[in-house]
Amino acid sequence: MNKAFQEENNGAWLGSVPQDLFIANKKMYIVSQNGGNEGGFLTIVNAETLKLETAYGDELKGKIDWPTHVAVLGDDNIYLRDNAGIKLFHPSTGEATLIEGTNGARKNTMAVVEGKVFASQSKNLLVIEAGKNEVSATVEFDSNISGVVKSSDNNVWVSVSSGKIAKVNAKDYSIMKENDLAATNADAAKTLSASFAAAPSITAKGDTLYMSALLLKSIAISSVRMKLN
């Protein structure tokens, strides 16, 4: 990422240790863990050309602590996960406010569905609504969450370390569908147990879910298709 960014921006650097990115409204939001003199904690570029639009370095010093993941609900509603939890950053004012109830939010990708941010915190799926400074809802699972991703029908896929994958309704937070891979495919279930990784154990394309093999001896990618009845 750094080299592509450099080539498009006359040798400029991203902040130290880029961690995550989020694309919204034709912009790419890139979070860097350490910030640093050469770049910012948060860099915003054109998503098609990678041309720099703006970066926030000094503006966020002392306000965020080793940020790792980013999600965006709007130009002035940017969510940054750091060592304290998830913080709402308003570029218009420079404020970065800790969302109440997000302490210990997992170091992992957040999903945006139906104008809300969905994040993981141990066994809990956290729901954060635009403009609010506290968690709006919590969905508890039977073990630590290992992945949260948007589904093709605008709901939320959640994988948990016990070997289950559930689809959560993004409007009322009910469980729409749940598959227990531990009961049907032990090897596939193992791929969901890496609840410590900084990337989700699952990703989705259409109705097909792909699962990482972080804990398997051989490197492979497994997939499972889940459809609603």
# chains A, B, ... in the order shown; residues from 1 in each chain; ligands from 1
>>> residues_around(residues="region 111-128 of chain A", least_positions_apart="2", cutoff="9 Å", atoms="only C-alpha atoms", output="ChimeraX atom specification")
/A:71-73,79,86,99,101-109,130-151,154-156,158,160,170-171,173,195
>>> select_by_dssp(residues="region 75-192 of chain A", states="strand (DSSP E or B)", output="ChimeraX atom specification")
/A:77-81,86-90,95-98,100,111-113,116-121,124-129,134,137-140,145-150,156-160,164-168,175-180
>>> write_last_selection(atoms="C-alpha atoms", output="compact mmCIF listing (two decimals), in the first residue's frame")
# COMPACT_ATOMS: atom_id res chain seq x y z
CA ASN A 77 -18.55 10.26 11.39
CA ILE A 78 -15.39 8.14 11.33
CA TYR A 79 -14.97 5.27 13.79
CA LEU A 80 -11.50 4.26 14.93
CA ARG A 81 -10.83 1.18 17.03
CA ILE A 86 -14.00 2.45 19.50
CA LYS A 87 -13.82 6.21 19.13
CA LEU A 88 -15.97 8.50 17.00
CA PHE A 89 -13.82 11.05 15.21
CA HIS A 90 -15.36 14.27 13.89
CA GLU A 95 -12.97 15.58 18.58
CA ALA A 96 -12.41 11.85 19.12
CA THR A 97 -14.92 10.51 21.64
CA LEU A 98 -14.88 7.02 23.13
CA GLU A 100 -19.51 4.08 25.82
CA ALA A 111 -18.77 -3.81 9.25
CA VAL A 112 -21.17 -1.06 8.17
CA VAL A 113 -24.74 -2.12 7.38
CA LYS A 116 -24.75 1.33 11.57
CA VAL A 117 -21.36 0.06 12.68
CA PHE A 118 -21.13 -3.57 13.79
CA ALA A 119 -18.07 -4.57 15.82
CA SER A 120 -16.94 -7.43 18.07
CA GLN A 121 -16.11 -7.44 21.76
CA ASN A 124 -20.63 -9.61 21.99
CA LEU A 125 -21.66 -8.13 18.67
CA LEU A 126 -21.82 -4.37 19.24
CA VAL A 127 -24.17 -2.08 17.30
CA ILE A 128 -23.28 1.62 17.04
CA GLU A 129 -25.69 4.07 15.44
CA GLU A 134 -22.93 4.77 23.38
CA ALA A 137 -27.53 -2.77 21.08
CA THR A 138 -25.58 -5.90 21.95
CA VAL A 139 -26.01 -9.46 20.64
CA GLU A 140 -24.30 -12.10 22.78
CA ILE A 145 -16.52 -13.69 17.91
CA SER A 146 -13.92 -14.34 15.21
CA GLY A 147 -15.42 -12.36 12.31
CA VAL A 148 -18.05 -9.76 11.41
CA VAL A 149 -18.81 -9.04 7.74
CA LYS A 150 -21.63 -7.54 5.69
CA VAL A 156 -24.45 -9.26 9.10
CA TRP A 157 -22.51 -12.52 9.07
CA VAL A 158 -20.91 -13.38 12.42
CA SER A 159 -18.50 -16.26 13.02
CA VAL A 160 -17.66 -17.46 16.52
CA LYS A 164 -20.73 -21.44 14.34
CA ILE A 165 -21.67 -18.92 11.67
CA ALA A 166 -24.83 -16.85 12.14
CA LYS A 167 -26.63 -14.28 10.05
CA VAL A 168 -27.88 -11.36 12.18
CA ILE A 175 -30.63 -14.41 14.45
CA MET A 176 -31.92 -15.18 10.96
CA LYS A 177 -29.85 -18.30 10.33
CA GLU A 178 -27.21 -20.29 12.18
CA ASN A 179 -24.96 -23.12 11.04
CA ASP A 180 -22.98 -25.19 13.53
>>> atom_distance(atom1="CA of Lys3 (chain A)", atom2="CA of Val31 (chain A)")
15.7 Å
>>> residues_around(residues="Ile23 (chain A)", least_positions_apart="4", cutoff="9 Å", atoms="only C-alpha atoms", output="count of residues only")
7
>>> select_by_dssp(residues="region 62-190 of chain A", states="alpha helix (DSSP H)", output="list of chain:residue names")
A:Leu181, A:Ala182, A:Ala183, A:Thr184, A:Ala186, A:Asp187, A:Ala188, A:Ala189, A:Lys190
